[in-house]
Amino acid sequence: MKQIFGTDGVRGIVNKELTPKLVLELSMSLGTFIDGGTVAIGRDTRISGEMFKNAAISGLLSTGCKVVDLGIAPTPAINYYVRDETDAGIIITASHNPREYNGLKFVADDGIGFSREEERKVERIYSGKNFRNAEWNGTGALSIDDAIQRYKDGIKKLVNVERISKRNFKVVVDTGCGAGGIVTPSLLRELGCNVITLNGQLDGTFPKRPPEPTGEVLGDLITLVKRSGADLGVAHDGDADRVVFVDENGSFVSEDVLLAICAKNALKNRGGFFVTPVSSSLCVKDVVEQCDGELVWTPIGSIHVARKMIELGAVFGGEGNGGLIFPEHQYSRDGAMAVAKILEMICEKKMSQLVEEIPRYYNVKKKMRVIDKKGVMEKVLDNLKSNIETTDGVKIWYDDGWVLIRASGTEPIIRIYAESKSNKRANELAKDGIDLINQVS
Ligand code: MG
């Protein structure tokens, strides 16, 4: 049976890999899987969003599901709505992928993305085409609701609004023309900030920058932070489940450092479990140890992090890509929640000071094309005896760093990640990884 779901839902180039027919039938599969019920649906700003949303609505209604249309909304706002109101959710988004992509994420009734097992069940229904078919008088009803205000209200309950408001922070926010434009600028205003928006219009052509907010594409944000003398710069990916920051000097804050800053804030004075994928930086490990916390590694993918957090009652979790999970709000990556939390933190210290307190590491990422990635991975594992971890791929621990060798889920590629205290050493470790792959293949 063909695997349709990748690491983060179904993604593809519009009308080539991802078609209305596929979306229709996957939605019918979801409606069949939950056996009728209520499904919330929302989307990011991509041009094809309306087309796919209508296909998904038709599919769900045909199985007898009721559908609530949430319109354009950030992914975490839809997660939050589903947790409280419906039996499942569909988010039409390709997140940080390039402009020509779109995708589907399925959300379970607890507001978290489907587990791999749940996805397999939906794939099985899809392959067998055994859809639940409502009678002529049993097709579902469609209604409209708003997910935005309750999401913002939920965030405001969890931060010290009065304290933040008193500071009148100046914040530049670049939502990249994505769904974050609906939430983050107005949330910041409600928190008493003086807000300058950049790319705040909803535009699925993403005319000014790609949906992924890497440091290299945030030149406008950086310039504007410097020129306006802002306290903070904020940028989201296309569906605003992720967030990155620029400090008051206009320096981009690495996502690993951001993860460590938030982990430190969550664990200080109380310890507790912190959950993150095996690819995350050692700076996070250092910080968690300083706080007498316990770090738990998971496979790569935010769903793994979320599910492990629930299992352990973790106080915080997240990925080194700006995907941060605040369990007091919800077990999903939560861009706007992270913004509010950072504002609370910069009431005490400037962003650049928060960054300085985090130990510095260097990371190198490489990839290699291979024909038989599974065979190569098996041989890599056979060649190694000690100091390895196999939570996801093969991670080799050294005294002064690590190398992670991992097959891509979708491409004929093996990725090599390395980290150490110096750039030179990180490159050496990455080279060790590449040499090992060459040796066995
Ligand atoms: Mg995203």
# chains A, B, ... in the order shown; residues from 1 in each chain; ligands from 1

$ residues_near_ligand --ligand "ligand 1" --cutoff "10 Å" --atoms "only C-alpha atoms and all ligand atoms" --output "short mmCIF file (atom, residue, chain, number, x, y, z; two decimals) with N, CA and C atoms, in the first residue's frame"
data_model
loop_
_atom_site.label_atom_id
_atom_site.label_comp_id
_atom_site.auth_asym_id
_atom_site.auth_seq_id
_atom_site.Cartn_x
_atom_site.Cartn_y
_atom_site.Cartn_z
N ASP A 8 4.82 15.30 7.91
CA ASP A 8 3.88 16.29 8.42
C ASP A 8 2.66 16.40 7.51
N ASP A 44 -4.44 27.93 5.08
CA ASP A 44 -3.53 29.08 5.06
C ASP A 44 -3.89 29.94 3.84
N PRO A 74 -4.39 30.46 11.23
CA PRO A 74 -3.13 29.76 11.51
C PRO A 74 -3.40 28.33 11.98
N THR A 75 -2.50 27.43 11.65
CA THR A 75 -2.64 26.04 12.07
C THR A 75 -2.91 25.91 13.57
N PRO A 76 -2.17 26.60 14.45
CA PRO A 76 -2.43 26.39 15.88
C PRO A 76 -3.82 26.86 16.32
N THR A 93 -2.82 23.23 4.20
CA THR A 93 -1.61 24.04 4.27
C THR A 93 -0.41 23.24 3.81
N ALA A 94 0.57 23.95 3.23
CA ALA A 94 1.86 23.32 2.98
C ALA A 94 2.91 23.96 3.88
N SER A 95 2.43 24.59 4.97
CA SER A 95 3.32 25.10 6.00
C SER A 95 4.43 25.98 5.43
N HIS A 96 5.69 25.55 5.56
CA HIS A 96 6.83 26.36 5.12
C HIS A 96 7.27 26.03 3.69
N ASN A 97 6.58 25.05 3.03
CA ASN A 97 7.02 24.64 1.69
C ASN A 97 6.91 25.78 0.68
N ALA A 179 -0.91 32.93 6.97
CA ALA A 179 -2.09 32.96 7.85
C ALA A 179 -1.83 33.68 9.18
N PRO A 211 7.71 31.15 2.10
CA PRO A 211 7.00 30.89 3.36
C PRO A 211 7.89 30.43 4.50
N GLU A 212 9.07 29.92 4.21
CA GLU A 212 9.95 29.48 5.30
C GLU A 212 10.80 30.66 5.79
N HIS A 236 6.88 34.54 10.94
CA HIS A 236 6.23 33.21 10.93
C HIS A 236 6.47 32.50 9.61
N ASP A 237 6.22 31.19 9.63
CA ASP A 237 6.12 30.44 8.38
C ASP A 237 4.69 30.60 7.84
N GLY A 238 4.38 29.94 6.73
CA GLY A 238 3.12 30.16 6.02
C GLY A 238 1.87 29.90 6.83
N ASP A 239 1.92 28.96 7.77
CA ASP A 239 0.72 28.66 8.57
C ASP A 239 0.90 29.05 10.04
N ALA A 240 2.00 29.71 10.35
CA ALA A 240 2.22 30.34 11.67
C ALA A 240 2.18 29.36 12.84
N ASP A 241 2.54 28.11 12.58
CA ASP A 241 2.78 27.25 13.74
C ASP A 241 4.22 27.42 14.21
N ARG A 242 5.06 27.96 13.32
CA ARG A 242 6.45 28.22 13.69
C ARG A 242 6.71 29.71 13.77
N VAL A 243 7.73 30.06 14.55
CA VAL A 243 8.08 31.47 14.69
C VAL A 243 9.58 31.60 14.89
N ASN A 321 13.46 24.30 14.95
CA ASN A 321 13.08 24.99 13.71
C ASN A 321 12.03 26.06 13.97
N GLY A 322 11.92 26.48 15.25
CA GLY A 322 10.91 27.48 15.59
C GLY A 322 9.55 26.89 15.93
N GLY A 323 9.48 25.56 16.02
CA GLY A 323 8.24 24.89 16.41
C GLY A 323 8.24 24.62 17.91
N ARG A 333 2.49 22.88 17.99
CA ARG A 333 3.40 24.00 17.74
C ARG A 333 2.56 25.27 17.65
N ASP A 334 3.06 26.33 18.25
CA ASP A 334 2.16 27.42 18.56
C ASP A 334 2.87 28.77 18.41
N GLY A 335 2.92 29.28 17.16
CA GLY A 335 3.69 30.49 16.88
C GLY A 335 3.31 31.70 17.70
#

$ select_by_dssp --residues "segment 202-275 of chain A" --states "strand (DSSP E or B)" --output "PyMOL selection string"
chain A and resi 204+232-236+242-246+252+272-275

$ write_last_selection --atoms "all heavy atoms" --output "compact mmCIF listing (two decimals), in the first residue's frame"
# COMPACT_ATOMS: atom_id res chain seq x y z
N GLY A 204 -1.40 34.53 -1.16
CA GLY A 204 -0.86 33.19 -1.41
C GLY A 204 0.18 33.11 -2.51
O GLY A 204 0.70 32.03 -2.80
N LEU A 232 12.00 44.06 19.21
CA LEU A 232 11.91 42.67 18.77
C LEU A 232 11.41 42.62 17.33
O LEU A 232 10.60 43.43 16.92
CB LEU A 232 10.91 41.94 19.68
CG LEU A 232 10.80 40.42 19.59
CD1 LEU A 232 12.07 39.76 20.12
CD2 LEU A 232 9.60 39.92 20.39
N GLY A 233 11.90 41.63 16.58
CA GLY A 233 11.34 41.32 15.27
C GLY A 233 10.80 39.90 15.32
O GLY A 233 11.39 39.03 15.96
N VAL A 234 9.66 39.68 14.66
CA VAL A 234 8.98 38.38 14.69
C VAL A 234 8.70 37.96 13.26
O VAL A 234 8.29 38.79 12.44
CB VAL A 234 7.62 38.51 15.43
CG1 VAL A 234 6.85 37.20 15.39
CG2 VAL A 234 7.81 38.99 16.86
N ALA A 235 8.90 36.67 12.94
CA ALA A 235 8.51 36.18 11.61
C ALA A 235 7.92 34.78 11.73
O ALA A 235 8.39 33.96 12.52
CB ALA A 235 9.70 36.17 10.65
N HIS A 236 6.88 34.54 10.94
CA HIS A 236 6.23 33.21 10.93
C HIS A 236 6.47 32.50 9.61
O HIS A 236 6.77 33.11 8.59
CB HIS A 236 4.71 33.37 11.07
CG HIS A 236 4.26 33.77 12.44
ND1 HIS A 236 4.53 33.04 13.56
CD2 HIS A 236 3.52 34.84 12.86
CE1 HIS A 236 3.99 33.64 14.61
NE2 HIS A 236 3.39 34.73 14.20
N ARG A 242 5.06 27.96 13.32
CA ARG A 242 6.45 28.22 13.69
C ARG A 242 6.71 29.71 13.77
O ARG A 242 6.03 30.50 13.12
CB ARG A 242 7.39 27.57 12.66
CG ARG A 242 7.52 26.07 12.84
CD ARG A 242 8.09 25.39 11.63
NE ARG A 242 9.30 26.05 11.14
CZ ARG A 242 9.97 25.67 10.05
NH1 ARG A 242 9.55 24.64 9.34
NH2 ARG A 242 11.04 26.32 9.68
N VAL A 243 7.73 30.06 14.55
CA VAL A 243 8.08 31.47 14.69
C VAL A 243 9.58 31.60 14.89
O VAL A 243 10.23 30.70 15.46
CB VAL A 243 7.32 32.10 15.88
CG1 VAL A 243 7.72 31.45 17.20
CG2 VAL A 243 7.51 33.60 15.95
N VAL A 244 10.14 32.68 14.38
CA VAL A 244 11.55 33.00 14.64
C VAL A 244 11.63 34.47 15.04
O VAL A 244 10.68 35.24 14.82
CB VAL A 244 12.45 32.74 13.40
CG1 VAL A 244 12.47 31.27 13.03
CG2 VAL A 244 12.01 33.59 12.22
N PHE A 245 12.76 34.83 15.63
CA PHE A 245 12.90 36.19 16.17
C PHE A 245 14.19 36.86 15.71
O PHE A 245 15.18 36.20 15.40
CB PHE A 245 12.87 36.15 17.70
CG PHE A 245 11.55 35.69 18.25
CD1 PHE A 245 11.32 34.34 18.52
CD2 PHE A 245 10.52 36.59 18.48
CE1 PHE A 245 10.10 33.90 19.02
CE2 PHE A 245 9.28 36.17 18.97
CZ PHE A 245 9.08 34.82 19.24
N VAL A 246 14.12 38.19 15.72
CA VAL A 246 15.29 39.02 15.49
C VAL A 246 15.44 39.87 16.75
O VAL A 246 14.44 40.41 17.24
CB VAL A 246 15.05 39.91 14.25
CG1 VAL A 246 16.10 40.98 14.11
CG2 VAL A 246 15.00 39.04 12.98
N PHE A 252 19.51 37.91 13.80
CA PHE A 252 18.61 36.76 13.75
C PHE A 252 18.96 35.80 14.89
O PHE A 252 20.12 35.49 15.12
CB PHE A 252 18.78 36.05 12.40
CG PHE A 252 17.90 34.85 12.22
CD1 PHE A 252 16.55 34.99 11.92
CD2 PHE A 252 18.42 33.56 12.36
CE1 PHE A 252 15.73 33.88 11.75
CE2 PHE A 252 17.60 32.44 12.19
CZ PHE A 252 16.26 32.61 11.88
N GLY A 272 11.68 19.37 35.60
CA GLY A 272 10.63 18.72 34.83
C GLY A 272 11.16 18.18 33.53
O GLY A 272 12.34 18.34 33.19
N PHE A 273 10.29 17.52 32.79
CA PHE A 273 10.69 16.92 31.52
C PHE A 273 10.65 17.94 30.39
O PHE A 273 9.73 18.75 30.30
CB PHE A 273 9.76 15.78 31.15
CG PHE A 273 10.00 14.53 31.93
CD1 PHE A 273 9.13 14.14 32.95
CD2 PHE A 273 11.10 13.73 31.65
CE1 PHE A 273 9.35 12.98 33.67
CE2 PHE A 273 11.33 12.56 32.38
CZ PHE A 273 10.46 12.19 33.39
N PHE A 274 11.65 17.85 29.53
CA PHE A 274 11.68 18.64 28.30
C PHE A 274 11.87 17.65 27.15
O PHE A 274 12.72 16.78 27.21
CB PHE A 274 12.84 19.64 28.34
CG PHE A 274 13.13 20.22 26.99
CD1 PHE A 274 12.32 21.22 26.47
CD2 PHE A 274 14.19 19.75 26.23
CE1 PHE A 274 12.57 21.74 25.21
CE2 PHE A 274 14.43 20.26 24.96
CZ PHE A 274 13.63 21.26 24.45
N VAL A 275 11.06 17.78 26.11
CA VAL A 275 11.04 16.79 25.02
C VAL A 275 11.43 17.46 23.71
O VAL A 275 10.90 18.54 23.38
CB VAL A 275 9.65 16.16 24.89
CG1 VAL A 275 9.62 15.12 23.78
CG2 VAL A 275 9.21 15.53 26.22

$ select_by_dssp --residues "segment 125-344 of chain A" --states "alpha helix (DSSP H)" --output "ChimeraX atom specification"
/A:125-128,148-156,161-167,184-190,219-228,255-267,282-290,302-312,335-344

$ residues_around --residues "segment 110-115 of chain A" --least-positions-apart "2" --cutoff "7 Å" --atoms "only C-alpha atoms" --output "PyMOL selection string"
chain A and resi 79-80+82-83+105-108+117-119+303+331-332

$ closest_residue --among "A:Thr139, A:Gln330, A:Asn383, A:Asn168" --to "Ile310 of chain A" --atoms "only C-alpha atoms"
A:Gln330

$ residues_around --residues "Ile182 of chain A" --least-positions-apart "6" --cutoff "9 Å" --atoms "only C-alpha atoms" --output "list of chain:residue names"
A:Ile72, A:Ala73, A:Pro74, A:Ile148, A:Thr175, A:Gly200, A:Gln201, A:Leu202

$ closest_residue --among "A:Val171, A:Thr45, A:Pro185, A:Pro98" --to "Pro210 of chain A" --atoms "only C-alpha atoms"
A:Pro98
